[in-house]
$ cat data.csv   # CSV, C-alpha atoms and all ligand atoms
chain,number,residue,atom,x,y,z
Q,1,MET,CA,-66.5,159.2,98.4
Q,2,ASN,CA,-68.1,155.9,97.5
Q,3,ALA,CA,-66.9,154.9,94.0
Q,4,VAL,CA,-70.2,153.6,92.6
Q,5,PRO,CA,-70.7,155.1,89.1
Q,6,ASN,CA,-73.9,157.0,88.5
Q,7,GLU,CA,-75.6,156.0,91.7
Q,8,ARG,CA,-78.3,158.6,92.5
Q,9,THR,CA,-78.2,160.5,95.8
Q,10,ALA,CA,-81.2,161.8,97.7
Q,11,ILE,CA,-81.1,165.2,95.9
Q,12,ASP,CA,-80.6,163.8,92.5
Q,13,ALA,CA,-76.9,163.9,92.0
Q,14,LEU,CA,-74.9,161.5,89.8
Q,15,ARG,CA,-71.9,160.1,91.7
Q,16,ASN,CA,-68.6,159.7,89.9
Q,17,GLU,CA,-69.9,161.2,86.6
Q,18,PRO,CA,-67.0,161.3,84.1
Q,19,LEU,CA,-66.5,165.0,83.2
Q,20,ARG,CA,-65.0,164.1,79.8
Q,21,ARG,CA,-68.7,163.8,78.8
Q,22,HIS,CA,-69.2,167.5,79.6
Q,23,THR,CA,-66.0,169.2,78.3
Q,24,SER,CA,-65.2,170.2,74.7
Q,25,TRP,CA,-61.7,168.7,75.0
Q,26,ARG,CA,-63.4,165.4,75.8
Q,27,VAL,CA,-61.1,164.8,78.8
Q,28,GLY,CA,-61.6,164.9,82.5
Q,29,GLY,CA,-62.0,162.5,85.4
Q,30,PRO,CA,-65.1,161.9,87.5
Q,31,ALA,CA,-66.9,164.4,89.7
Q,32,ASP,CA,-67.8,163.1,93.2
Q,33,LEU,CA,-71.2,164.7,92.8
Q,34,PHE,CA,-72.7,166.0,89.5
Q,35,TYR,CA,-75.9,168.0,89.5
Q,36,ALA,CA,-77.9,169.1,86.5
Q,37,PRO,CA,-80.8,171.0,88.0
Q,38,SER,CA,-83.7,171.7,85.7
Q,39,THR,CA,-85.3,174.6,87.7
Q,40,ILE,CA,-84.0,177.4,89.8
Q,41,ALA,CA,-85.9,176.0,92.8
Q,42,GLU,CA,-84.0,172.7,92.5
Q,43,LEU,CA,-80.7,174.6,92.2
Q,44,THR,CA,-81.5,176.6,95.2
Q,45,ARG,CA,-82.3,173.5,97.2
Q,46,ILE,CA,-79.1,171.8,96.1
Q,47,LEU,CA,-77.0,174.7,97.2
Q,48,ALA,CA,-78.8,175.0,100.5
Q,49,GLU,CA,-78.5,171.3,101.2
Q,50,LEU,CA,-74.9,170.8,100.3
Q,51,PRO,CA,-72.7,170.9,103.4
Q,52,ALA,CA,-70.8,174.3,103.5
Q,53,ALA,CA,-67.5,172.4,103.4
Q,54,THR,CA,-68.2,170.8,100.0
Q,55,PRO,CA,-66.4,172.6,97.2
Q,56,VAL,CA,-68.7,173.6,94.3
Q,57,HIS,CA,-67.6,174.0,90.7
Q,58,TRP,CA,-69.9,175.6,88.1
Q,59,LEU,CA,-70.0,174.1,84.6
Q,60,GLY,CA,-71.5,175.6,81.4
Q,61,LEU,CA,-70.7,173.8,78.2
Q,62,GLY,CA,-67.2,173.0,79.4
Q,63,SER,CA,-65.6,174.8,76.4
Q,64,ASN,CA,-63.0,176.6,78.5
Q,65,LEU,CA,-62.1,173.9,81.0
Q,66,LEU,CA,-59.3,171.4,81.4
Q,67,VAL,CA,-60.5,169.0,84.0
Q,68,ARG,CA,-57.6,166.8,85.3
Q,69,ASP,CA,-57.8,163.0,85.0
Q,70,GLY,CA,-58.3,162.5,88.7
Q,71,GLY,CA,-61.5,164.5,88.5
Q,72,ILE,CA,-63.2,166.8,91.0
Q,73,ARG,CA,-63.6,166.2,94.8
Q,74,GLY,CA,-66.8,168.0,95.6
Q,75,ALA,CA,-69.8,169.0,93.6
Q,76,VAL,CA,-70.2,170.1,90.0
Q,77,ILE,CA,-73.3,172.0,89.1
Q,78,ALA,CA,-74.1,172.0,85.3
Q,79,THR,CA,-76.3,174.8,84.0
Q,80,GLY,CA,-77.2,173.0,80.8
Q,81,SER,CA,-80.5,171.7,82.0
Q,82,LEU,CA,-81.7,175.0,83.6
Q,83,PRO,CA,-84.5,176.8,81.7
Q,84,ARG,CA,-82.9,178.5,78.6
Q,85,GLU,CA,-84.7,181.8,78.6
Q,86,LEU,CA,-84.3,184.8,76.4
Q,87,GLU,CA,-86.8,187.7,76.5
Q,88,ARG,CA,-86.8,191.1,74.9
Q,89,VAL,CA,-87.0,193.8,77.6
Q,90,ASP,CA,-87.4,196.8,75.2
Q,91,ASP,CA,-86.0,197.8,71.8
Q,92,ARG,CA,-82.4,197.6,72.9
Q,93,ARG,CA,-82.3,195.3,75.9
Q,94,VAL,CA,-82.6,191.6,76.3
Q,95,ARG,CA,-82.6,189.3,79.3
Q,96,ALA,CA,-80.8,185.9,78.9
Q,97,SER,CA,-80.5,183.1,81.4
Q,98,ALA,CA,-77.1,181.5,82.2
Q,99,GLY,CA,-77.7,178.1,80.5
Q,100,LEU,CA,-78.6,179.6,77.2
Q,101,ALA,CA,-76.1,178.9,74.4
Q,102,CYS,CA,-74.3,182.1,73.2
Q,103,MET,CA,-75.1,181.0,69.6
Q,104,LEU,CA,-78.8,181.2,70.3
Q,105,LEU,CA,-78.4,184.6,71.9
Q,106,ALA,CA,-76.6,185.8,68.8
Q,107,LYS,CA,-79.1,184.5,66.3
Q,108,ARG,CA,-82.2,185.7,68.2
Q,109,CYS,CA,-80.7,189.2,68.8
Q,110,VAL,CA,-79.7,189.6,65.1
Q,111,ARG,CA,-83.3,188.7,64.1
Q,112,TRP,CA,-84.4,191.5,66.5
Q,113,HIS,CA,-82.0,193.9,64.7
Q,114,LEU,CA,-79.6,194.0,67.7
Q,115,GLY,CA,-76.6,193.5,65.4
Q,116,PRO,CA,-73.8,194.1,67.9
Q,117,ALA,CA,-74.8,190.8,69.5
Q,118,ALA,CA,-73.6,188.8,66.5
Q,119,PHE,CA,-70.1,188.2,68.0
Q,120,PHE,CA,-71.7,185.8,70.5
Q,121,ALA,CA,-72.0,183.3,67.6
Q,122,GLY,CA,-68.2,182.8,67.9
Q,123,ILE,CA,-68.4,181.6,71.5
Q,124,PRO,CA,-69.3,177.9,71.8
Q,125,GLY,CA,-70.4,178.2,75.4
Q,126,THR,CA,-73.2,179.4,77.6
Q,127,VAL,CA,-74.2,182.9,78.6
Q,128,GLY,CA,-73.0,182.0,82.2
Q,129,GLY,CA,-69.6,180.9,80.9
Q,130,ALA,CA,-69.3,184.1,78.8
Q,131,LEU,CA,-70.2,186.2,81.8
Q,132,ALA,CA,-67.6,184.4,84.0
Q,133,MET,CA,-64.8,184.7,81.3
Q,134,ASN,CA,-65.8,188.0,79.7
Q,135,ALA,CA,-65.6,186.0,76.5
Q,136,GLY,CA,-65.1,187.9,73.3
Q,137,ALA,CA,-64.9,187.3,69.6
Q,138,PHE,CA,-64.7,189.3,66.4
Q,139,GLY,CA,-63.9,192.5,68.3
Q,140,GLY,CA,-66.9,192.2,70.7
Q,141,GLU,CA,-66.8,191.5,74.4
Q,142,THR,CA,-69.5,190.2,76.7
Q,143,TRP,CA,-69.3,192.8,79.5
Q,144,THR,CA,-69.3,195.7,77.1
Q,145,HIS,CA,-73.1,194.9,76.9
Q,146,VAL,CA,-73.9,193.9,80.4
Q,147,GLU,CA,-76.3,196.2,82.3
Q,148,SER,CA,-77.0,194.0,85.3
Q,149,VAL,CA,-76.7,190.3,86.3
Q,150,THR,CA,-78.6,188.0,88.6
Q,151,THR,CA,-76.5,185.8,90.8
Q,152,ILE,CA,-76.9,183.0,93.3
Q,153,ASP,CA,-74.7,182.4,96.3
Q,154,ARG,CA,-73.5,179.3,98.1
Q,155,ARG,CA,-76.6,179.3,100.3
Q,156,GLY,CA,-78.9,179.6,97.4
Q,157,ASP,CA,-79.8,183.3,97.9
Q,158,VAL,CA,-80.6,185.0,94.6
Q,159,ARG,CA,-79.8,188.7,94.0
Q,160,ASP,CA,-79.6,191.3,91.2
Q,161,ARG,CA,-76.4,193.2,90.8
Q,162,PRO,CA,-75.5,196.2,88.7
Q,163,ARG,CA,-72.4,196.0,86.4
Q,164,ALA,CA,-70.6,198.4,88.8
Q,165,ASP,CA,-70.3,195.5,91.3
Q,166,PHE,CA,-67.8,193.8,89.0
Q,167,GLU,CA,-64.2,194.7,87.9
Q,168,ILE,CA,-63.8,193.7,84.2
Q,169,ASP,CA,-60.7,193.2,82.2
Q,170,TYR,CA,-59.5,191.1,79.2
Q,171,ARG,CA,-61.0,187.6,79.8
Q,172,THR,CA,-61.2,188.5,83.5
Q,173,VAL,CA,-64.1,189.2,85.8
Q,174,ARG,CA,-63.8,190.0,89.5
Q,175,GLY,CA,-67.0,190.2,91.6
Q,176,PRO,CA,-68.4,189.0,94.9
Q,177,ALA,CA,-66.8,185.7,95.9
Q,178,THR,CA,-68.8,182.5,95.8
Q,179,GLU,CA,-71.6,184.0,93.7
Q,180,TRP,CA,-72.5,182.5,90.3
Q,181,PHE,CA,-74.5,183.9,87.3
Q,182,LEU,CA,-78.1,183.0,86.7
Q,183,GLY,CA,-78.6,185.5,83.9
Q,184,SER,CA,-77.9,189.0,82.6
Q,185,THR,CA,-79.6,191.9,81.1
Q,186,PHE,CA,-77.7,193.0,78.0
Q,187,ARG,CA,-78.0,196.2,76.0
Q,188,PHE,CA,-77.2,196.3,72.3
Q,189,GLU,CA,-77.5,199.1,69.8
Q,190,HIS,CA,-80.3,198.8,67.3
Q,191,ASP,CA,-79.0,198.1,63.8
Q,192,GLU,CA,-81.7,197.8,61.2
Q,193,SER,CA,-79.3,196.3,58.7
Q,194,SER,CA,-78.3,193.3,60.8
Q,195,SER,CA,-79.0,189.9,59.3
Q,196,MET,CA,-78.1,186.2,59.6
Q,197,ASP,CA,-75.7,186.8,56.8
Q,198,ALA,CA,-73.4,188.7,59.1
Q,199,ILE,CA,-73.2,185.6,61.4
Q,200,LYS,CA,-72.6,183.3,58.5
Q,201,GLU,CA,-69.8,185.6,57.3
Q,202,LEU,CA,-68.1,185.7,60.8
Q,203,LEU,CA,-68.2,182.0,61.1
Q,204,ALA,CA,-66.8,181.4,57.6
Q,205,ARG,CA,-63.9,183.7,58.5
Q,206,ARG,CA,-63.4,181.8,61.7
Q,207,ASN,CA,-63.5,178.4,60.1
Q,208,ALA,CA,-60.9,179.4,57.6
Q,209,ALA,CA,-58.5,180.3,60.4
Q,210,GLN,CA,-59.2,177.8,63.1
Q,211,PRO,CA,-59.5,174.0,63.3
Q,212,VAL,CA,-63.1,172.8,63.4
Q,213,GLY,CA,-64.5,169.4,64.2
Q,214,VAL,CA,-61.7,168.3,66.5
Q,215,PRO,CA,-62.0,168.5,70.3
Q,216,SER,CA,-60.3,171.6,71.6
Q,217,CYS,CA,-60.9,174.4,74.1
Q,218,GLY,CA,-60.4,177.3,71.6
Q,219,SER,CA,-57.4,179.5,72.5
Q,220,VAL,CA,-55.4,178.0,75.3
Q,221,PHE,CA,-53.3,181.1,76.2
Q,222,ARG,CA,-54.4,184.7,76.6
Q,223,ASN,CA,-52.9,187.1,74.1
Q,224,PRO,CA,-50.1,189.0,75.8
Q,225,PRO,CA,-50.4,192.8,75.5
Q,226,GLY,CA,-49.7,194.0,71.9
Q,227,ASP,CA,-49.1,190.5,70.6
Q,228,PHE,CA,-50.8,187.2,69.8
Q,229,ALA,CA,-50.1,183.9,71.7
Q,230,GLY,CA,-50.6,182.0,68.4
Q,231,ARG,CA,-47.9,184.0,66.6
Q,232,LEU,CA,-45.4,183.5,69.4
Q,233,ILE,CA,-46.1,179.7,69.5
Q,234,GLU,CA,-45.8,179.4,65.7
Q,235,GLN,CA,-42.5,181.5,65.9
Q,236,ALA,CA,-41.2,179.0,68.4
Q,237,GLY,CA,-41.7,176.3,65.8
Q,238,LEU,CA,-44.3,174.4,67.8
Q,239,LYS,CA,-47.1,173.8,65.3
Q,240,GLY,CA,-47.7,170.1,65.1
Q,241,LEU,CA,-45.8,169.3,68.4
Q,242,GLN,CA,-47.5,166.3,70.0
Q,243,ILE,CA,-47.5,164.7,73.5
Q,244,GLY,CA,-49.5,161.5,73.7
Q,245,GLY,CA,-52.9,162.3,72.1
Q,246,ALA,CA,-52.5,166.1,72.5
Q,247,ARG,CA,-51.3,168.2,69.5
Q,248,VAL,CA,-50.6,171.8,68.8
Q,249,SER,CA,-52.8,172.6,65.8
Q,250,ASP,CA,-51.1,173.1,62.5
Q,251,LYS,CA,-53.9,175.6,61.5
Q,252,HIS,CA,-53.9,177.8,64.6
Q,253,ALA,CA,-51.0,177.5,67.0
Q,254,ASN,CA,-52.9,178.7,70.1
Q,255,PHE,CA,-55.2,175.6,69.8
Q,256,ILE,CA,-54.3,172.3,71.4
Q,257,LEU,CA,-56.3,169.4,69.9
Q,258,ASN,CA,-57.3,166.1,71.3
Q,259,THR,CA,-56.5,163.8,68.4
Q,260,GLY,CA,-58.7,161.1,70.0
Q,261,THR,CA,-56.7,159.5,72.8
Q,262,ALA,CA,-55.5,162.6,74.8
Q,263,THR,CA,-55.6,162.6,78.5
Q,264,ALA,CA,-55.8,165.8,80.5
Q,265,ALA,CA,-52.2,165.0,81.6
Q,266,ASP,CA,-51.1,164.9,77.9
Q,267,ILE,CA,-52.7,168.3,77.4
Q,268,GLU,CA,-51.2,169.8,80.6
Q,269,SER,CA,-47.7,168.5,79.6
Q,270,LEU,CA,-48.0,170.0,76.2
Q,271,ILE,CA,-49.1,173.3,77.7
Q,272,ALA,CA,-46.0,173.3,79.9
Q,273,GLU,CA,-43.8,172.4,76.9
Q,274,VAL,CA,-45.3,175.3,74.8
Q,275,ARG,CA,-44.9,177.8,77.7
Q,276,GLY,CA,-41.2,176.8,78.2
Q,277,ALA,CA,-40.4,177.0,74.5
Q,278,VAL,CA,-42.1,180.4,74.0
Q,279,GLU,CA,-40.3,181.8,77.0
Q,280,ARG,CA,-36.9,180.6,75.7
Q,281,THR,CA,-37.5,182.0,72.2
Q,282,SER,CA,-39.3,185.3,72.9
Q,283,GLY,CA,-39.0,185.9,76.6
Q,284,VAL,CA,-42.8,186.1,77.0
Q,285,GLN,CA,-44.5,184.1,79.8
Q,286,LEU,CA,-47.8,183.0,78.4
Q,287,GLU,CA,-50.7,183.0,80.7
Q,288,LEU,CA,-53.5,180.5,80.5
Q,289,GLU,CA,-56.9,181.4,79.2
Q,290,VAL,CA,-58.4,178.0,79.8
Q,291,ARG,CA,-59.2,177.1,83.4
Q,292,VAL,CA,-57.5,174.0,84.9
Q,293,ILE,CA,-59.4,172.3,87.7
Q,294,GLY,CA,-59.4,169.0,89.5
Q,295,GLU,CA,-56.9,166.5,90.7
Q,296,HIS,CA,-54.2,164.6,89.0
Q,297,ALA,CA,-54.9,160.9,88.5
Q,298,PRO,CA,-53.3,158.8,91.2
Q,299,ALA,CA,-50.6,157.5,88.9
Q,300,GLU,CA,-49.5,161.1,88.1
Q,301,LYS,CA,-49.1,162.1,91.8
Q,302,GLY,CA,-45.5,162.6,92.7
Q,303,GLU,CA,-44.5,163.2,89.1
Q,304,PRO,CA,-42.5,166.4,88.6
A,401,LIG,C1,-63.6,175.9,69.3
A,401,LIG,C2,-63.7,177.0,70.4
A,401,LIG,C3,-63.6,178.3,70.1
A,401,LIG,C4,-63.6,179.3,71.1
A,401,LIG,N1,-63.6,180.6,70.8
A,401,LIG,C5,-63.7,181.5,71.7
A,401,LIG,C6,-63.6,182.9,71.4
A,401,LIG,O1,-63.6,183.3,70.3
A,401,LIG,N2,-63.7,183.8,72.4
A,401,LIG,C7,-63.7,183.4,73.7
A,401,LIG,O2,-63.8,184.3,74.6
A,401,LIG,N3,-63.8,182.1,74.1
A,401,LIG,C8,-63.7,181.2,73.1
A,401,LIG,N4,-63.7,179.8,73.5
A,401,LIG,C9,-63.7,179.4,74.9
A,401,LIG,C10,-65.1,179.3,75.5
A,401,LIG,O3,-66.1,179.0,74.6
A,401,LIG,C11,-65.5,180.5,76.3
A,401,LIG,O4,-64.6,180.8,77.4
A,401,LIG,C12,-66.9,180.4,76.9
A,401,LIG,O5,-67.3,181.6,77.5
A,401,LIG,C13,-67.0,179.3,78.0
A,401,LIG,O6,-68.4,179.0,78.3
A,401,LIG,P1,-68.9,177.6,78.9
A,401,LIG,O7,-70.3,177.7,79.1
A,401,LIG,O8,-68.4,176.5,78.0
A,401,LIG,O9,-68.1,177.7,80.2
A,401,LIG,P2,-67.3,176.5,80.9
A,401,LIG,O10,-66.1,176.1,80.1
A,401,LIG,O11,-68.2,175.4,81.3
A,401,LIG,O12,-66.7,177.2,82.2
A,401,LIG,C14,-65.7,178.3,82.1
A,401,LIG,C15,-65.6,179.0,83.4
A,401,LIG,O13,-66.8,179.7,83.7
A,401,LIG,C16,-67.4,179.3,84.9
A,401,LIG,N5,-68.8,179.3,84.8
A,401,LIG,C17,-69.6,178.7,83.9
A,401,LIG,N6,-70.9,179.0,84.0
A,401,LIG,C18,-70.9,179.8,85.1
A,401,LIG,C19,-72.0,180.5,85.7
A,401,LIG,N7,-73.3,180.4,85.4
A,401,LIG,N8,-71.7,181.4,86.8
A,401,LIG,C20,-70.4,181.5,87.2
A,401,LIG,N9,-69.3,180.9,86.6
A,401,LIG,C21,-69.6,180.1,85.5
A,401,LIG,C22,-66.9,177.9,85.2
A,401,LIG,O14,-66.8,177.6,86.5
A,401,LIG,C23,-65.4,178.0,84.6
A,401,LIG,O15,-64.6,178.6,85.5
A,401,LIG,C24,-63.7,178.9,72.4
A,401,LIG,C25,-63.8,177.5,72.8
A,401,LIG,C26,-63.8,176.5,71.7
A,401,LIG,C27,-63.9,175.1,72.1
$ encode --input "data.csv" --output "structure tokens"
Amino acid sequence: MNAVPNERTAIDALRNEPLRRHTSWRVGGPADLFYAPSTIAELTRILAELPAATPVHWLGLGSNLLVRDGGIRGAVIATGSLPRELERVDDRRVRASAGLACMLLAKRCVRWHLGPAAFFAGIPGTVGGALAMNAGAFGGETWTHVESVTTIDRRGDVRDRPRADFEIDYRTVRGPATEWFLGSTFRFEHDESSSMDAIKELLARRNAAQPVGVPSCGSVFRNPPGDFAGRLIEQAGLKGLQIGGARVSDKHANFILNTGTATAADIESLIAEVRGAVERTSGVQLELEVRVIGEHAPAEKGEP
């Protein structure tokens, strides 16, 4: 790829767009091509026009992504500029588009007395990201409420799919390959007593237990069955462990913070260190919840 930063292509891509601008960890090298379509028609055209061999990566708010320092060879499609739509289908169902922030979904649903949607306030990502991750918080989980989804495939073809087309597990969603989410119809039970106070209370509880205001990706590791990754990391004495600008939070051990100067390589090294130490102390092999994508920076290549 030609390394001219931010040069526009014929179909309105940014070239070499630094992904640290688009991830909550504030790290990540450049994407060869970065698209932020503002309509579904534009998105369809981008997918149809991209050569079939070009890898495509989907990006919501980047709150669960570790993008390596060498960046992404291929195209990144960000959903943040797509229309953010939310409509009430009937007294229990709503339809939300992929680029909508989960917080907005939670707030609007709670106003509509669809109280069980309040948990979405704890997920600082988009509806599309929550669908891809089966994100969950405060005991609620995204796919518990999914009735159907709309997807788009690599050629730009759009289709509706029932929930039954997907296999759902803890933070795992398996469905048709190379299809991404454009939106979903959710069903929530009616709860006349639901109010914004419930959301405020959930967030206050969360802020007391988790670091806020410092770049992170939330929980780095999945909780192993019957246990908590944070407990195992704390038990291994790793709170406060630091590599470069990446640090295991003193408040919640399953959070790795960017103290300001972290690279993706610092974070990845710390992840490896934590994994090794937890395996030695408790015999548990922690699995990643965050998704790691992209290439190592040239200087890292060949390092062990
Ligand atoms: C402070 C903090 C707290 C967090 N707390 C929680 C929590 O309580 N519970 C929880 O589950 N998560 C939590 N997270 C993680 C994160 O917010 C969720 O995983 C969220 O669902 C990711 O959404 P996103 O839009 O940021 O997705 P991204 O991080 O941009 O992408 C995540 C994955 O989803 C894919 N993706 C994104 N959009 C689409 C789409 N439209 N179609 C198909 N695939 C798509 C991406 O390709 C990528 O593989 C937290 C993160 C932070 C920073």
$ closest_residue --input "data.csv" --among "Q:Glu287, Q:Phe138, Q:Val149, Q:Ser24" --to "Arg205 in chain Q" --atoms "all atoms listed in the file"
Q:Phe138
$ atom_distance --input "data.csv" --atom1 "CA of Ser38 in chain Q" --atom2 "CA of Thr172 in chain Q"
28.2 Å
$ closest_atom_pairs --input "data.csv" --of "range 176-277 of chain Q" --to "range 50-72 of chain Q" --cutoff "8 Å" --atoms "only C-alpha atoms" --output "CSV"
residue,atom,partner,partner_atom,distance
Q:Trp180,CA,Q:Trp58,CA,7.7
Q:Ser216,CA,Q:Ser63,CA,7.8
Q:Cys217,CA,Q:Ser63,CA,5.2
Q:Gly218,CA,Q:Asn64,CA,7.4
Q:Thr263,CA,Q:Asp69,CA,6.9
Q:Ala264,CA,Q:Arg68,CA,5.2
Q:Ala265,CA,Q:Arg68,CA,6.8
$ write_last_selection --input "data.csv" --atoms "C-alpha atoms" --output "mmCIF file, in the coordinates of the input"
data_model
loop_
_atom_site.group_PDB
_atom_site.id
_atom_site.type_symbol
_atom_site.label_atom_id
_atom_site.label_comp_id
_atom_site.auth_asym_id
_atom_site.auth_seq_id
_atom_site.Cartn_x
_atom_site.Cartn_y
_atom_site.Cartn_z
ATOM 1 C CA TRP Q 180 -72.500 182.500 90.300
ATOM 2 C CA SER Q 216 -60.300 171.600 71.600
ATOM 3 C CA CYS Q 217 -60.900 174.400 74.100
ATOM 4 C CA GLY Q 218 -60.400 177.300 71.600
ATOM 5 C CA THR Q 263 -55.600 162.600 78.500
ATOM 6 C CA ALA Q 264 -55.800 165.800 80.500
ATOM 7 C CA ALA Q 265 -52.200 165.000 81.600
#
$ closest_residue --input "data.csv" --among "Q:Cys102, Q:Ala208, Q:Met196, Q:Ala132" --to "ligand LIG 401 (chain A)" --atoms "all atoms listed in the file"
Q:Ala132
$ residues_around --input "data.csv" --residues "Gln210 in chain Q" --least-positions-apart "5" --cutoff "12 Å" --atoms "only C-alpha atoms" --output "list in words"
Gly122, Leu203, Ala204, Arg205, Ser216, Cys217, Gly218, Ser219, Gly230, Val248, Ser249, Asp250, Lys251, His252, Ala253, Asn254, Phe255, Ile256 and Leu257 of chain Q
$ residues_around --input "data.csv" --residues "Thr185 in chain Q" --least-positions-apart "4" --cutoff "8 Å" --atoms "all atoms listed in the file" --output "PyMOL selection string"
chain Q and resi 93-96+146-149
$ residues_around --input "data.csv" --residues "Gly213 in chain Q" --least-positions-apart "6" --cutoff "12 Å" --atoms "all atoms listed in the file" --output "PDB file with C-alpha atoms, keeping the file's coordinate frame"
ATOM      1  CA  SER Q  24     -65.200 170.200  74.700  1.00  0.00           C
ATOM      2  CA  TRP Q  25     -61.700 168.700  75.000  1.00  0.00           C
ATOM      3  CA  ASN Q 207     -63.500 178.400  60.100  1.00  0.00           C
ATOM      4  CA  LEU Q 257     -56.300 169.400  69.900  1.00  0.00           C
ATOM      5  CA  ASN Q 258     -57.300 166.100  71.300  1.00  0.00           C
ATOM      6  CA  THR Q 259     -56.500 163.800  68.400  1.00  0.00           C
ATOM      7  CA  GLY Q 260     -58.700 161.100  70.000  1.00  0.00           C
TER       8      GLY Q 260
END
$ atom_distance --input "data.csv" --atom1 "CA of Ala78 in chain Q" --atom2 "CA of Phe34 in chain Q"
7.5 Å
$ atom_distance --input "data.csv" --atom1 "atom C4 of ligand LIG 401 (chain A)" --atom2 "CA of Gly29 in chain Q"
22.1 Å
$ residues_around --input "data.csv" --residues "range 84-87 of chain Q" --least-positions-apart "2" --cutoff "9 Å" --atoms "all atoms listed in the file" --output "PDB file with C-alpha atoms, in the coordinates of the input"
ATOM      1  CA  GLY Q  80     -77.200 173.000  80.800  1.00  0.00           C
ATOM      2  CA  SER Q  81     -80.500 171.700  82.000  1.00  0.00           C
ATOM      3  CA  LEU Q  82     -81.700 175.000  83.600  1.00  0.00           C
ATOM      4  CA  VAL Q  89     -87.000 193.800  77.600  1.00  0.00           C
ATOM      5  CA  ARG Q  93     -82.300 195.300  75.900  1.00  0.00           C
ATOM      6  CA  VAL Q  94     -82.600 191.600  76.300  1.00  0.00           C
ATOM      7  CA  ARG Q  95     -82.600 189.300  79.300  1.00  0.00           C
ATOM      8  CA  ALA Q  96     -80.800 185.900  78.900  1.00  0.00           C
ATOM      9  CA  SER Q  97     -80.500 183.100  81.400  1.00  0.00           C
ATOM     10  CA  ALA Q  98     -77.100 181.500  82.200  1.00  0.00           C
ATOM     11  CA  GLY Q  99     -77.700 178.100  80.500  1.00  0.00           C
ATOM     12  CA  LEU Q 100     -78.600 179.600  77.200  1.00  0.00           C
ATOM     13  CA  ALA Q 101     -76.100 178.900  74.400  1.00  0.00           C
ATOM     14  CA  LEU Q 104     -78.800 181.200  70.300  1.00  0.00           C
ATOM     15  CA  LEU Q 105     -78.400 184.600  71.900  1.00  0.00           C
ATOM     16  CA  ARG Q 108     -82.200 185.700  68.200  1.00  0.00           C
ATOM     17  CA  GLY Q 183     -78.600 185.500  83.900  1.00  0.00           C
TER      18      GLY Q 183
END
$ residues_around --input "data.csv" --residues "Pro225 in chain Q" --least-positions-apart "2" --cutoff "12 Å" --atoms "only C-alpha atoms" --output "number ranges by chain"
Q: 170, 222-223, 227-229, 284-287
$ closest_residue --input "data.csv" --among "Q:Arg26, Q:Arg280, Q:His145, Q:Arg231" --to "Arg187 in chain Q" --atoms "only C-alpha atoms"
Q:His145
$ closest_residue --input "data.csv" --among "Q:Trp112, Q:Phe188, Q:Phe166, Q:Phe181" --to "ligand LIG 401 (chain A)" --atoms "all atoms listed in the file"
Q:Phe181
$ closest_residue --input "data.csv" --among "Q:Arg171, Q:Arg247, Q:Arg275, Q:Arg154" --to "ligand LIG 401 (chain A)" --atoms "all atoms listed in the file"
Q:Arg171
$ closest_residue --input "data.csv" --among "Q:Leu43, Q:Ala36, Q:Ala135, Q:Val158" --to "ligand LIG 401 (chain A)" --atoms "all atoms listed in the file"
Q:Ala135
